[in-house]
Amino acid sequence: MTARHALAELERDGLVERRRGSGTFVAPPKVQFNRLTSFTEQMATRSLAPHSKVLCSRIIQSEPDIAARLGLSPVTPLLVIERLRQAAGEPFALETCYFSARQYGPLSRAPLDRQSLFLLLQKDFGAKLAYSDENIDATVADPQLAKLLSVPRGAPLLRIRQVIFSEMGNAITYVLGLYRSDRHTFTIRRTR
Amino acid sequence: MLKSMRSSDANGNALPAYRRIQNAIRKKIEDGKLKPGELVDSERELARVHGVSLMTARHALAELQREGLVERHRGSGTYVAPPKIEFNKLTSFTEQMAGRSMMAQARVLHLSTLHGEQDVCARLALPAMTRLLYIERLREAGGEPFALETSYLSAETYGRITRTQLERGSLFILLEKDYQTKIAYADEDVDATVADPKTAALLRVPQGAPLLRIRQTIFSTDGKAMLYVLGLYRSDRHVLHIRRFR
């Protein structure tokens, strides 16, 4: 009882992971965020080779709520790019990005499986990324997400909804990211 | 077509029709004419009242839903959502609740001292065997549990804190007032977890429900770590709202 309590608490702290039927393992170190950096940039600092699988890249019409987040009229065609982010051959995030199709349409032909989106935006579109407004909460993996991210159904995921703005204050992209919580910690500093 | 969807705001600036509708709904909520759990006008009703297309009315509601201001229940309509707590500054739970005119309550589940918590000591930059004050509190608002917070402080410095003090008000204010410390900032690790049976029962959520986990070390203005908090927050009631710069 006491031993179980000890392990349960370490698990709550995120220090160990318990796998049903196989035991308790020391949790692998987590990826840490603190600035608005791209996934590729983060991975580079940890000498991990990043890779993405582009699951979908298409134009959609009338996603009024997403258009609104981007400050666009409700019927603006949007380019949607869905990428499975991987490091060391392991999937750890599913990111869906939305752009104005008129402005960023050519991105659909860009080599997003191996190139940083941030870099492409800066280099090919002259976009100057300045800041992002983010909503962070928790959710659990539904069957489809579980399969994509190689986690059990019901596994905790960190959900980050961000709008990335340019130096001019224009919304460039809206990103819905679902991150495996066993591989991601989001690090921030808040001041009083 | 765009032109017909626009009107002007108080300054004469063009405002899209969906924004006008949103503003009208927001105002009703702010004025207390619409309360959490109450039904918002349907798309059809909004379209009729504001003289816009059904599509525009839908757009207005969809965005309010994204913001978490309303919740749509298939087949029964759109309701004012229970308030979510948004963070962007380091404020105590009690302060956040006061800002939303909600009564914050804390139920003290544990108050004791312990030692041998080496990991926590390290986070507080204390020797490994330092005695710590251990506080476990269930945070409630409007009679509903929101969060389970476990706090650790140096027992030598803060050992005189009592249960009554903790139940009465904010730990931040207590520290600032009674201990002449000034809280400056917190370094936080944020991730997601799911409710284990004990946490689920305390927070009144199903086992396996998603929880936002925030581990924070709180520093005083002189740069000393004074408090380590492990917080588990119901994700259906909490969004962490931040801005990051490149």
# chains A, B, ... in the order shown; residues from 1 in each chain; ligands from 1
$ select_by_dssp --residues "chain A" --states "alpha helix (DSSP H)" --output "MDAnalysis selection string"
chainID A and resid 2:12 39:45 64:69 101:104 117:125 143:149
$ interface_residues --of "chain B" --to "chain A" --cutoff "8 Å" --atoms "only C-alpha atoms" --output "PyMOL selection string"
chain B and resi 56+59-60+62-63+66+88-91+183-194+208-212+230+235+238-246
$ atom_distance --atom1 "atom CA of Arg237 of chain B" --atom2 "atom CA of Glu71 of chain B"
12.4 Å
$ closest_residue --among "B:Val205, B:Leu174, B:Ala104, B:Ala225" --to "Tyr152 of chain B" --atoms "only C-alpha atoms"
B:Ala225
$ select_by_dssp --residues "segment 114-167 of chain B" --states "strand (DSSP E)" --output "list of chain:residue names"
B:Leu114, B:Leu132, B:Leu133, B:Tyr134, B:Ile135, B:Glu136, B:Arg137, B:Leu138, B:Arg139, B:Glu140, B:Ala141, B:Glu144, B:Pro145, B:Phe146, B:Ala147, B:Leu148, B:Glu149, B:Thr150, B:Ser151, B:Tyr152, B:Leu153, B:Ser154
$ atom_distance --atom1 "atom CA of Leu112 of chain A" --atom2 "atom CA of Leu149 of chain A"
18.6 Å
$ atom_distance --atom1 "atom CA of Met226 of chain B" --atom2 "atom CA of Val108 of chain B"
19.9 Å
$ residues_around --residues "segment 127-141 of chain B" --least-positions-apart "3" --cutoff "9 Å" --atoms "only C-alpha atoms" --output "VMD selection string"
chain B and resid 93 97 102 to 122 124 144 to 156 158 to 159 161 166 to 167 202 to 203
$ write_last_selection --atoms "N, CA and C atoms" --output "compact mmCIF listing (two decimals), in the first residue's frame"
# COMPACT_ATOMS: atom_id res chain seq x y z
N PHE B 93 -5.13 31.89 -7.18
CA PHE B 93 -6.47 31.40 -7.49
C PHE B 93 -7.54 32.32 -6.88
N MET B 97 -10.34 34.40 -8.99
CA MET B 97 -11.77 34.22 -8.75
C MET B 97 -12.43 35.55 -8.44
N MET B 102 -16.34 35.52 -8.40
CA MET B 102 -16.74 34.20 -7.91
C MET B 102 -16.08 34.01 -6.55
N MET B 103 -16.77 33.30 -5.68
CA MET B 103 -16.23 33.02 -4.36
C MET B 103 -15.25 31.87 -4.47
N ALA B 104 -14.00 32.15 -4.10
CA ALA B 104 -13.02 31.08 -4.10
C ALA B 104 -12.98 30.44 -2.73
N GLN B 105 -12.88 29.14 -2.70
CA GLN B 105 -12.75 28.46 -1.43
C GLN B 105 -11.62 27.45 -1.50
N ALA B 106 -11.03 27.22 -0.38
CA ALA B 106 -9.98 26.22 -0.32
C ALA B 106 -10.33 25.23 0.78
N ARG B 107 -10.34 23.96 0.46
CA ARG B 107 -10.51 22.95 1.49
C ARG B 107 -9.15 22.37 1.76
N VAL B 108 -8.67 22.53 2.98
CA VAL B 108 -7.33 22.02 3.31
C VAL B 108 -7.45 20.52 3.59
N LEU B 109 -6.87 19.71 2.72
CA LEU B 109 -6.94 18.25 2.89
C LEU B 109 -5.81 17.75 3.78
N HIS B 110 -4.68 18.42 3.69
CA HIS B 110 -3.51 18.04 4.48
C HIS B 110 -2.73 19.28 4.87
N LEU B 111 -2.24 19.30 6.09
CA LEU B 111 -1.29 20.32 6.49
C LEU B 111 -0.35 19.63 7.47
N SER B 112 0.88 19.44 7.06
CA SER B 112 1.83 18.75 7.94
C SER B 112 3.25 19.14 7.55
N THR B 113 4.21 18.63 8.30
CA THR B 113 5.60 18.84 7.88
C THR B 113 6.17 17.48 7.53
N LEU B 114 7.09 17.47 6.60
CA LEU B 114 7.74 16.22 6.23
C LEU B 114 9.17 16.52 5.87
N HIS B 115 9.98 15.45 5.80
CA HIS B 115 11.34 15.65 5.33
C HIS B 115 11.76 14.48 4.48
N GLY B 116 12.84 14.65 3.74
CA GLY B 116 13.27 13.60 2.83
C GLY B 116 12.70 13.77 1.43
N GLU B 117 12.04 14.88 1.16
CA GLU B 117 11.55 15.16 -0.19
C GLU B 117 12.67 15.84 -0.96
N GLN B 118 13.65 15.02 -1.38
CA GLN B 118 14.86 15.58 -1.96
C GLN B 118 14.62 16.37 -3.23
N ASP B 119 13.71 15.85 -4.04
CA ASP B 119 13.44 16.50 -5.32
C ASP B 119 12.84 17.89 -5.11
N VAL B 120 11.89 17.97 -4.17
CA VAL B 120 11.26 19.26 -3.90
C VAL B 120 12.29 20.21 -3.27
N CYS B 121 13.09 19.69 -2.35
CA CYS B 121 14.14 20.50 -1.73
C CYS B 121 15.06 21.09 -2.80
N ALA B 122 15.41 20.25 -3.78
CA ALA B 122 16.30 20.72 -4.84
C ALA B 122 15.65 21.87 -5.62
N LEU B 124 13.62 23.94 -4.48
CA LEU B 124 13.58 25.13 -3.63
C LEU B 124 14.99 25.57 -3.22
N GLU B 144 -17.94 24.21 -6.73
CA GLU B 144 -17.45 23.15 -7.61
C GLU B 144 -15.94 23.05 -7.51
N PRO B 145 -15.40 21.83 -7.34
CA PRO B 145 -13.93 21.73 -7.28
C PRO B 145 -13.30 21.97 -8.64
N PHE B 146 -12.22 22.73 -8.67
CA PHE B 146 -11.53 23.09 -9.90
C PHE B 146 -10.15 22.48 -9.99
N ALA B 147 -9.49 22.45 -8.83
CA ALA B 147 -8.06 22.14 -8.87
C ALA B 147 -7.62 21.53 -7.56
N LEU B 148 -6.60 20.70 -7.65
CA LEU B 148 -5.96 20.12 -6.47
C LEU B 148 -4.54 20.67 -6.46
N GLU B 149 -4.20 21.41 -5.43
CA GLU B 149 -2.87 22.02 -5.37
C GLU B 149 -2.09 21.52 -4.17
N THR B 150 -0.89 21.04 -4.42
CA THR B 150 -0.01 20.62 -3.34
C THR B 150 1.16 21.59 -3.28
N SER B 151 1.33 22.24 -2.15
CA SER B 151 2.36 23.26 -2.02
C SER B 151 3.40 22.83 -0.99
N TYR B 152 4.63 23.19 -1.24
CA TYR B 152 5.74 22.89 -0.34
C TYR B 152 6.52 24.17 -0.03
N LEU B 153 6.77 24.41 1.25
CA LEU B 153 7.55 25.57 1.67
C LEU B 153 8.53 25.13 2.75
N SER B 154 9.55 25.92 2.97
CA SER B 154 10.48 25.61 4.05
C SER B 154 9.74 25.70 5.39
N ALA B 155 9.77 24.60 6.17
CA ALA B 155 9.05 24.59 7.44
C ALA B 155 9.67 25.56 8.44
N GLU B 156 10.98 25.73 8.31
CA GLU B 156 11.66 26.62 9.25
C GLU B 156 11.14 28.05 9.10
N TYR B 158 8.27 29.01 7.24
CA TYR B 158 6.81 29.20 7.12
C TYR B 158 5.99 28.25 7.99
N GLY B 159 6.66 27.57 8.92
CA GLY B 159 6.01 26.54 9.72
C GLY B 159 4.83 27.02 10.55
N ILE B 161 2.28 28.75 9.59
CA ILE B 161 1.03 28.88 8.83
C ILE B 161 0.00 27.88 9.36
N LEU B 166 -5.16 29.33 6.00
CA LEU B 166 -5.22 28.82 4.63
C LEU B 166 -6.66 28.74 4.12
N GLU B 167 -7.57 28.44 5.04
CA GLU B 167 -8.97 28.33 4.61
C GLU B 167 -9.58 29.69 4.38
N LEU B 202 -11.88 13.50 -5.93
CA LEU B 202 -11.75 14.83 -5.32
C LEU B 202 -12.26 15.92 -6.26
N LEU B 203 -11.92 15.81 -7.54
CA LEU B 203 -12.27 16.87 -8.50
C LEU B 203 -13.65 16.65 -9.14
